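So this block is structure36.cif, mmCIF, C-alpha atoms:
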```
data_model
#
loop_
_atom_site.label_atom_id
_atom_site.label_comp_id
_atom_site.auth_asym_id
_atom_site.auth_seq_id
_atom_site.Cartn_x
_atom_site.Cartn_y
_atom_site.Cartn_z
CA GLU U 205 -24.81 89.51 178.98
CA ALA U 206 -27.79 89.57 176.61
CA GLN U 207 -28.56 93.14 175.74
CA VAL U 208 -29.80 95.70 173.27
CA THR U 209 -27.57 98.75 173.10
CA GLN U 210 -28.72 102.12 171.83
CA ASN U 211 -26.65 105.22 171.27
CA PRO U 212 -26.80 107.99 172.12
CA ARG U 213 -28.95 108.04 175.26
CA TYR U 214 -29.65 111.74 174.93
CA LEU U 215 -29.57 113.94 171.86
CA ILE U 216 -30.51 117.55 171.21
CA THR U 217 -30.46 118.63 167.60
CA VAL U 218 -31.80 121.32 165.32
CA THR U 219 -34.54 121.04 162.74
CA GLY U 220 -33.33 119.57 159.48
CA LYS U 221 -29.99 118.20 160.66
CA LYS U 222 -29.73 114.53 159.74
CA LEU U 223 -29.10 112.13 162.60
CA THR U 224 -28.75 108.42 163.22
CA VAL U 225 -29.58 106.49 166.37
CA THR U 226 -27.75 103.20 166.51
CA CYS U 227 -29.09 99.91 167.87
CA SER U 228 -27.20 96.68 168.33
CA GLN U 229 -28.21 93.35 169.87
CA ASN U 230 -26.05 90.39 170.86
CA MET U 231 -28.72 87.68 171.02
CA ASN U 232 -28.78 86.68 167.33
CA HIS U 233 -32.43 87.74 167.10
CA GLU U 234 -34.05 87.88 163.70
CA TYR U 235 -36.70 90.46 164.60
CA MET U 236 -35.84 94.04 165.46
CA SER U 237 -38.02 97.10 165.71
CA TRP U 238 -38.13 100.75 166.70
CA TYR U 239 -40.77 102.34 168.89
CA ARG U 240 -41.40 105.87 170.01
CA GLN U 241 -42.91 106.64 173.40
CA ASP U 242 -44.98 109.75 173.94
CA PRO U 243 -46.93 110.73 177.07
CA GLY U 244 -50.46 109.39 177.01
CA LEU U 245 -49.86 107.42 173.83
CA GLY U 246 -47.78 104.49 175.04
CA LEU U 247 -45.29 103.02 172.60
CA ARG U 248 -45.93 103.02 168.88
CA GLN U 249 -43.99 101.04 166.32
CA ILE U 250 -42.05 103.01 163.73
CA TYR U 251 -40.34 100.33 161.63
CA TYR U 252 -39.49 96.68 162.00
CA SER U 253 -37.25 94.10 160.39
CA MET U 254 -37.83 90.37 160.16
CA ASN U 255 -34.27 89.66 159.03
CA VAL U 256 -31.28 91.08 157.16
CA GLU U 257 -32.35 93.31 154.25
CA VAL U 258 -36.04 92.88 155.18
CA THR U 259 -37.69 95.97 156.65
CA ASP U 260 -41.24 97.27 156.76
CA LYS U 261 -43.26 100.17 158.09
CA GLY U 262 -44.95 100.14 161.44
CA ASP U 263 -47.70 102.46 162.60
CA VAL U 264 -45.83 105.78 162.49
CA PRO U 265 -43.09 105.57 159.84
CA GLU U 266 -43.30 109.09 158.38
CA GLY U 267 -40.03 110.97 158.65
CA TYR U 268 -37.93 107.92 159.53
CA LYS U 269 -35.74 105.45 157.69
CA VAL U 270 -34.07 102.23 158.78
CA SER U 271 -31.63 99.72 157.38
CA ARG U 272 -30.69 96.15 158.26
CA LYS U 273 -27.40 95.31 156.62
CA GLU U 274 -26.26 93.06 159.44
CA LYS U 275 -28.31 90.89 161.74
CA ARG U 276 -27.15 92.59 164.92
CA ASN U 277 -27.61 96.24 163.88
CA PHE U 278 -30.73 98.23 163.12
CA PRO U 279 -30.07 101.98 162.95
CA LEU U 280 -32.86 104.56 162.91
CA ILE U 281 -32.28 107.49 160.58
CA LEU U 282 -33.98 110.87 160.69
CA GLU U 283 -32.95 112.62 157.49
CA SER U 284 -34.64 115.93 158.29
CA PRO U 285 -35.79 115.95 161.91
CA SER U 286 -38.69 118.15 162.92
CA PRO U 287 -39.89 119.21 166.39
CA ASN U 288 -42.76 116.70 166.28
CA GLN U 289 -40.15 113.95 166.33
CA THR U 290 -39.11 114.99 169.81
CA SER U 291 -39.73 111.79 171.73
CA LEU U 292 -38.26 108.84 173.62
CA TYR U 293 -37.15 106.11 171.23
CA PHE U 294 -36.67 102.43 171.97
CA CYS U 295 -35.10 99.69 169.95
CA ALA U 296 -36.24 96.13 170.62
CA SER U 297 -35.26 92.68 169.45
CA SER U 298 -36.75 89.21 169.74
CA GLN U 299 -36.86 85.82 168.16
CA VAL U 300 -39.53 85.49 165.51
CA GLY U 301 -42.80 84.28 167.04
CA LEU U 302 -45.93 85.84 168.45
CA ASN U 303 -45.33 84.77 172.02
CA THR U 304 -41.67 85.64 172.35
CA GLU U 305 -40.19 88.15 174.76
CA ALA U 306 -39.01 91.43 173.35
CA PHE U 307 -35.78 92.87 174.75
CA PHE U 308 -35.56 96.64 174.84
CA GLY U 309 -32.69 99.07 174.76
CA GLN U 310 -32.29 101.79 177.39
CA GLY U 311 -33.91 104.39 175.18
CA THR U 312 -32.79 107.53 173.37
CA ARG U 313 -34.32 110.81 174.40
CA LEU U 314 -34.36 113.05 171.34
CA THR U 315 -35.14 116.74 171.37
CA VAL U 316 -35.48 118.60 168.08
CA VAL U 317 -35.44 122.39 168.40
CA ALA M 171 -57.04 95.09 164.59
CA GLN M 172 -55.93 94.08 168.04
CA SER M 173 -55.70 96.61 170.81
CA VAL M 174 -55.40 96.94 174.56
CA THR M 175 -56.90 99.50 176.91
CA GLN M 176 -55.42 100.33 180.26
CA LEU M 177 -57.79 101.95 182.71
CA GLY M 178 -56.17 104.57 184.90
CA SER M 179 -53.07 106.39 183.79
CA HIS M 180 -52.01 106.85 187.41
CA VAL M 181 -52.53 104.50 190.34
CA SER M 182 -51.40 105.20 193.87
CA VAL M 183 -51.22 102.58 196.63
CA SER M 184 -49.76 102.37 200.10
CA GLU M 185 -46.80 100.14 200.74
CA GLY M 186 -48.12 96.69 201.65
CA ALA M 187 -51.44 97.21 199.89
CA LEU M 188 -52.82 95.27 196.95
CA VAL M 189 -51.77 96.42 193.50
CA LEU M 190 -54.35 96.10 190.73
CA LEU M 191 -53.61 97.43 187.26
CA ARG M 192 -56.31 96.94 184.67
CA CYS M 193 -55.98 95.86 181.06
CA ASN M 194 -58.70 94.94 178.60
CA TYR M 195 -57.95 93.62 175.14
CA SER M 196 -59.73 93.56 171.85
CA SER M 197 -58.92 90.67 169.57
CA SER M 198 -60.77 88.53 167.08
CA VAL M 199 -58.35 85.66 167.62
CA PRO M 200 -56.78 84.19 170.78
CA PRO M 201 -54.49 86.96 171.94
CA TYR M 202 -50.88 86.87 172.98
CA LEU M 203 -50.75 89.20 175.98
CA PHE M 204 -47.88 90.69 177.91
CA TRP M 205 -47.15 93.00 180.80
CA TYR M 206 -43.97 95.06 180.66
CA VAL M 207 -42.52 97.34 183.32
CA GLN M 208 -40.47 100.47 182.79
CA TYR M 209 -38.41 101.77 185.70
CA PRO M 210 -37.27 105.39 185.56
CA ASN M 211 -34.69 106.05 182.85
CA GLN M 212 -34.69 102.45 181.73
CA GLY M 213 -36.05 100.37 178.90
CA LEU M 214 -38.98 98.02 179.22
CA GLN M 215 -38.61 94.57 180.68
CA LEU M 216 -41.00 91.66 180.60
CA LEU M 217 -43.02 91.00 183.75
CA LEU M 218 -45.09 88.13 182.42
CA LYS M 219 -46.85 86.81 179.36
CA TYR M 220 -50.01 84.86 178.70
CA THR M 221 -49.59 81.37 177.33
CA THR M 222 -52.69 79.64 175.98
CA GLY M 223 -54.16 77.23 178.52
CA ALA M 224 -52.96 78.79 181.76
CA THR M 225 -55.37 81.47 182.93
CA LEU M 226 -53.29 82.56 185.94
CA VAL M 227 -49.83 83.66 184.94
CA LYS M 228 -47.04 84.27 187.42
CA GLY M 229 -44.31 86.74 186.66
CA ILE M 230 -41.27 88.26 188.25
CA ASN M 231 -41.19 90.28 191.48
CA GLY M 232 -44.39 88.70 192.84
CA PHE M 233 -46.68 89.94 190.09
CA GLU M 234 -49.33 87.80 188.47
CA ALA M 235 -52.10 88.29 185.93
CA GLU M 236 -55.32 86.47 185.25
CA PHE M 237 -56.60 85.95 181.73
CA LYS M 238 -60.40 86.15 181.60
CA LYS M 239 -61.74 85.48 178.15
CA SER M 240 -65.34 86.24 179.14
CA GLU M 241 -64.30 89.71 180.29
CA THR M 242 -61.54 90.20 177.68
CA SER M 243 -59.28 91.21 180.54
CA PHE M 244 -55.72 90.57 181.66
CA HIS M 245 -55.38 92.52 184.91
CA LEU M 246 -52.07 92.66 186.75
CA THR M 247 -51.96 92.15 190.51
CA LYS M 248 -49.52 91.96 193.36
CA PRO M 249 -50.70 91.15 196.90
CA SER M 250 -48.38 93.56 198.69
CA ALA M 251 -46.82 96.62 197.11
CA HIS M 252 -43.23 97.55 197.74
CA MET M 253 -41.59 100.92 197.22
CA SER M 254 -39.44 99.37 194.50
CA ASP M 255 -42.59 98.62 192.46
CA ALA M 256 -42.99 102.28 191.58
CA ALA M 257 -42.73 102.34 187.78
CA GLU M 258 -44.78 102.56 184.62
CA TYR M 259 -46.56 99.40 183.54
CA PHE M 260 -47.61 98.58 180.01
CA CYS M 261 -50.02 95.96 178.81
CA ALA M 262 -49.38 94.76 175.26
CA VAL M 263 -50.76 92.38 172.68
CA SER M 264 -48.90 90.84 169.76
CA GLY M 265 -50.04 89.44 166.47
CA SER M 266 -51.46 92.37 164.56
CA GLY M 267 -49.57 93.92 161.69
CA GLY M 268 -46.18 92.50 160.89
CA GLY M 269 -44.38 89.72 162.69
CA ASN M 270 -43.76 90.22 166.36
CA LYS M 271 -45.30 93.67 166.51
CA LEU M 272 -46.41 94.64 170.01
CA THR M 273 -49.38 96.95 170.37
CA PHE M 274 -49.12 98.73 173.70
CA GLY M 275 -51.63 100.30 175.98
CA THR M 276 -51.08 103.86 177.10
CA GLY M 277 -49.44 102.80 180.34
CA THR M 278 -50.20 103.08 184.05
CA GLN M 279 -47.86 104.95 186.36
CA LEU M 280 -47.78 103.21 189.74
CA LYS M 281 -46.91 105.27 192.78
CA VAL M 282 -46.23 103.54 196.10
CA GLU M 283 -46.53 105.63 199.22
CA LEU M 284 -45.33 104.99 202.74
#
```
In structure tokens, how does this file's structure come out?
Amino acid sequence: EAQVTQNPRYLITVTGKKLTVTCSQNMNHEYMSWYRQDPGLGLRQIYYSMNVEVTDKGDVPEGYKVSRKEKRNFPLILESPSPNQTSLYFCASSQVGLNTEAFFGQGTRLTVV
Amino acid sequence: AQSVTQLGSHVSVSEGALVLLRCNYSSSVPPYLFWYVQYPNQGLQLLLKYTTGATLVKGINGFEAEFKKSETSFHLTKPSAHMSDAAEYFCAVSGSGGGNKLTFGTGTQLKVEL
């Protein structure tokens, strides 16, 4: 089954404690990205990757890091989480192309206290 | 920069009634437009997408959207709402920024009442 898998689904952490949210896709997609969803703001792109070892900032990259060492994996790293990073996070993947369908993971609800 | 605006953060309809969710876009080039749906505690899934040349687009679950260039709109409709349609709906446009980036509207929460 074609899918994007994120882990964990729920995470509560304390300010400053480094964490990683994993994302894996099994569709051999070149393009992967991370979004955060906040009430009244919709989804905003954090980082994206066009292929292995190629990453770039989206609209709200501050406080986040990513890596793309393998085509299927695109982890999101918060080196020093802060309460304003409390949000719902989604990983997505797609083939490269402006009119292609994006496939989303189930989401990770992160709370930073 | 491209953007989309969704009018109405909450829409409530009766079961069996027409569903109309509004989306207007801003784009200096022909846009690539999408509607995604998010059911509770799930990720987003594609309802439909606009392909150049076909102004009326049919999607899954009986939804359709009409692309109107003169009105810069891409409203989502369904003739008869079902309880299972209750979800959050997002209009999105791609093509700005890097690669496949999707720029989303702020979403419309659809409530279906008996």
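Taking all atoms listed in the file into account, Gly223 of chain M lies nearest to M:Glu236 out of the set M:Ser184, M:Lys248, M:Val174, M:Glu236.
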Need the shell around Phe274 of chain M: protein/DNA/RNA residues with any atom at most 9 Å away, counting all atoms listed in the file. Skip same-chain ones fewer than 6 positions apart. Format as a count of residues only? 12
One decimal, Å: what's the distance from atom CA of Val183 of chain M over to atom CA of Thr278 of chain M, could you say? 12.6 Å
Interatomic distance (Å, one decimal) between atom CA of Leu216 of chain M and atom CA of Glu257 of chain U: 27.8 Å
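Counting only C-alpha atoms, the residue from M:Gln172, M:Gln279, M:Ser254, M:Asn270 that sits nearest to Tyr235 of chain U is M:Asn270.
Computed from the coordinates, the atom CA of Leu292 of chain U to atom CA of Tyr239 of chain U distance equals 8.4 Å.
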Write out as an MDAnalysis selection string each polymer residue whose atoms come within 7 Å of Leu246 of chain M, counting all atoms listed in the file; drop sequence neighbours fewer than 5 positions from it. chainID M and resid 190:192 233:235
Can you list every residue of segment 249-269 of chain U that has an atom at most 10 Å from segment 293-302 of chain U, with its nearest atom pair and the distance in Å to one decimal, using only C-alpha atoms, ordered by chain then number, as a Markdown table?
```
| residue | atom | partner | partner_atom | distance |
| --- | --- | --- | --- | --- |
| U:Gln249 | CA | U:Phe294 | CA | 9.4 |
| U:Ile250 | CA | U:Tyr293 | CA | 9.5 |
| U:Tyr251 | CA | U:Cys295 | CA | 9.9 |
| U:Tyr252 | CA | U:Ala296 | CA | 9.2 |
| U:Ser253 | CA | U:Ser297 | CA | 9.4 |
| U:Met254 | CA | U:Val300 | CA | 7.4 |
| U:Asn255 | CA | U:Val300 | CA | 9.3 |
```
Enumerate, as JSON, numbers by chain, the residues matched when the PyMOL selection byres ((chain U and resi 265) around 12) is run on the file above. {"U": [237, 238, 239, 240, 248, 249, 250, 251, 252, 259, 260, 261, 262, 263, 264, 266, 267, 268, 269, 270, 280, 281, 282, 289]}
Write out as a count of residues only which residues come within 8 Å of Leu314 of chain U when counting only C-alpha atoms, dropping same-chain ones fewer than 2 positions away. 11
Give as a VMD selection string every residue of chain M that touches chain U within 9 Å, counting all atoms listed in the file. chain M and resid 179 202 to 204 211 to 216 219 to 221 260 264 to 265 267 to 277
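Taken over the whole file, the PyMOL selection byres ((chain M and resi 217) around 7) covers exactly Trp205, Tyr206, Val207, Gln215, Leu216, Leu218, Gly229 and Ile230 of chain M.
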Keeping C-alpha atoms for every residue in the selection just given, could you write it to a file as a tab-separated table (two decimals), in the frame of the given file?
```tsv
chain	number	residue	atom	x	y	z
M	205	TRP	CA	-47.15	93.00	180.80
M	206	TYR	CA	-43.97	95.06	180.66
M	207	VAL	CA	-42.52	97.34	183.32
M	215	GLN	CA	-38.61	94.57	180.68
M	216	LEU	CA	-41.00	91.66	180.60
M	218	LEU	CA	-45.09	88.13	182.42
M	229	GLY	CA	-44.31	86.74	186.66
M	230	ILE	CA	-41.27	88.26	188.25
```
For segment 241-244 of chain M, please output as a PyMOL selection string all residues within 7 Å (counting only C-alpha atoms; exclusion window: fewer than 2 positions along the same chain). chain M and resi 193-196+235-239+246
Starting from the sparse input, extend segment 239-265 of chain M to N, CA and C atoms and give the output as a short mmCIF file (atom, residue, chain, number, x, y, z; two decimals), in the frame of the given file.
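And here is the file that came out, out21.cif:
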```
data_model
loop_
_atom_site.label_atom_id
_atom_site.label_comp_id
_atom_site.auth_asym_id
_atom_site.auth_seq_id
_atom_site.Cartn_x
_atom_site.Cartn_y
_atom_site.Cartn_z
N LYS M 239 -61.23 85.35 179.51
CA LYS M 239 -61.74 85.48 178.15
C LYS M 239 -63.13 86.12 178.14
N SER M 240 -63.97 85.74 179.10
CA SER M 240 -65.34 86.24 179.14
C SER M 240 -65.39 87.74 179.36
N GLU M 241 -64.37 88.27 180.01
CA GLU M 241 -64.30 89.71 180.29
C GLU M 241 -63.28 90.41 179.40
N THR M 242 -62.65 89.69 178.53
CA THR M 242 -61.54 90.20 177.68
C THR M 242 -60.58 91.03 178.51
N SER M 243 -60.16 90.46 179.64
CA SER M 243 -59.28 91.21 180.54
C SER M 243 -58.01 90.43 180.85
N PHE M 244 -57.02 91.15 181.27
CA PHE M 244 -55.72 90.57 181.66
C PHE M 244 -55.13 91.50 182.71
N HIS M 245 -55.79 91.60 183.85
CA HIS M 245 -55.38 92.52 184.91
C HIS M 245 -54.15 92.02 185.65
N LEU M 246 -53.32 92.95 186.03
CA LEU M 246 -52.07 92.66 186.75
C LEU M 246 -52.27 92.91 188.24
N THR M 247 -51.82 91.98 189.06
CA THR M 247 -51.96 92.15 190.51
C THR M 247 -50.68 91.77 191.24
N LYS M 248 -50.57 92.34 192.43
CA LYS M 248 -49.52 91.96 193.36
C LYS M 248 -50.11 92.12 194.76
N PRO M 249 -50.02 91.09 195.61
CA PRO M 249 -50.70 91.15 196.90
C PRO M 249 -50.22 92.28 197.81
N SER M 250 -48.93 92.59 197.75
CA SER M 250 -48.38 93.56 198.69
C SER M 250 -47.36 94.44 197.98
N ALA M 251 -47.69 95.70 197.84
CA ALA M 251 -46.82 96.62 197.11
C ALA M 251 -45.57 96.95 197.90
N HIS M 252 -44.50 97.13 197.15
CA HIS M 252 -43.23 97.55 197.74
C HIS M 252 -42.81 98.85 197.07
N MET M 253 -42.04 99.64 197.79
CA MET M 253 -41.59 100.92 197.22
C MET M 253 -40.90 100.72 195.87
N SER M 254 -40.19 99.62 195.73
CA SER M 254 -39.44 99.37 194.50
C SER M 254 -40.35 99.05 193.31
N ASP M 255 -41.65 98.89 193.55
CA ASP M 255 -42.59 98.62 192.46
C ASP M 255 -43.00 99.88 191.71
N ALA M 256 -42.64 101.02 192.23
CA ALA M 256 -42.99 102.28 191.58
C ALA M 256 -42.35 102.33 190.19
N ALA M 257 -43.19 102.42 189.17
CA ALA M 257 -42.73 102.34 187.78
C ALA M 257 -43.93 102.55 186.88
N GLU M 258 -43.67 102.52 185.58
CA GLU M 258 -44.78 102.56 184.62
C GLU M 258 -44.97 101.15 184.07
N TYR M 259 -46.22 100.75 183.97
CA TYR M 259 -46.56 99.40 183.54
C TYR M 259 -47.36 99.46 182.24
N PHE M 260 -46.97 98.61 181.32
CA PHE M 260 -47.61 98.58 180.01
C PHE M 260 -48.17 97.19 179.74
N CYS M 261 -49.41 97.16 179.34
CA CYS M 261 -50.02 95.96 178.81
C CYS M 261 -49.83 95.97 177.30
N ALA M 262 -49.61 94.81 176.70
CA ALA M 262 -49.38 94.76 175.26
C ALA M 262 -49.95 93.48 174.68
N VAL M 263 -50.28 93.55 173.40
CA VAL M 263 -50.76 92.38 172.68
C VAL M 263 -49.95 92.25 171.40
N SER M 264 -49.64 91.03 171.01
CA SER M 264 -48.90 90.84 169.76
C SER M 264 -49.76 90.08 168.77
N GLY M 265 -49.36 90.21 167.49
CA GLY M 265 -50.04 89.44 166.47
C GLY M 265 -50.69 90.26 165.40
#
```
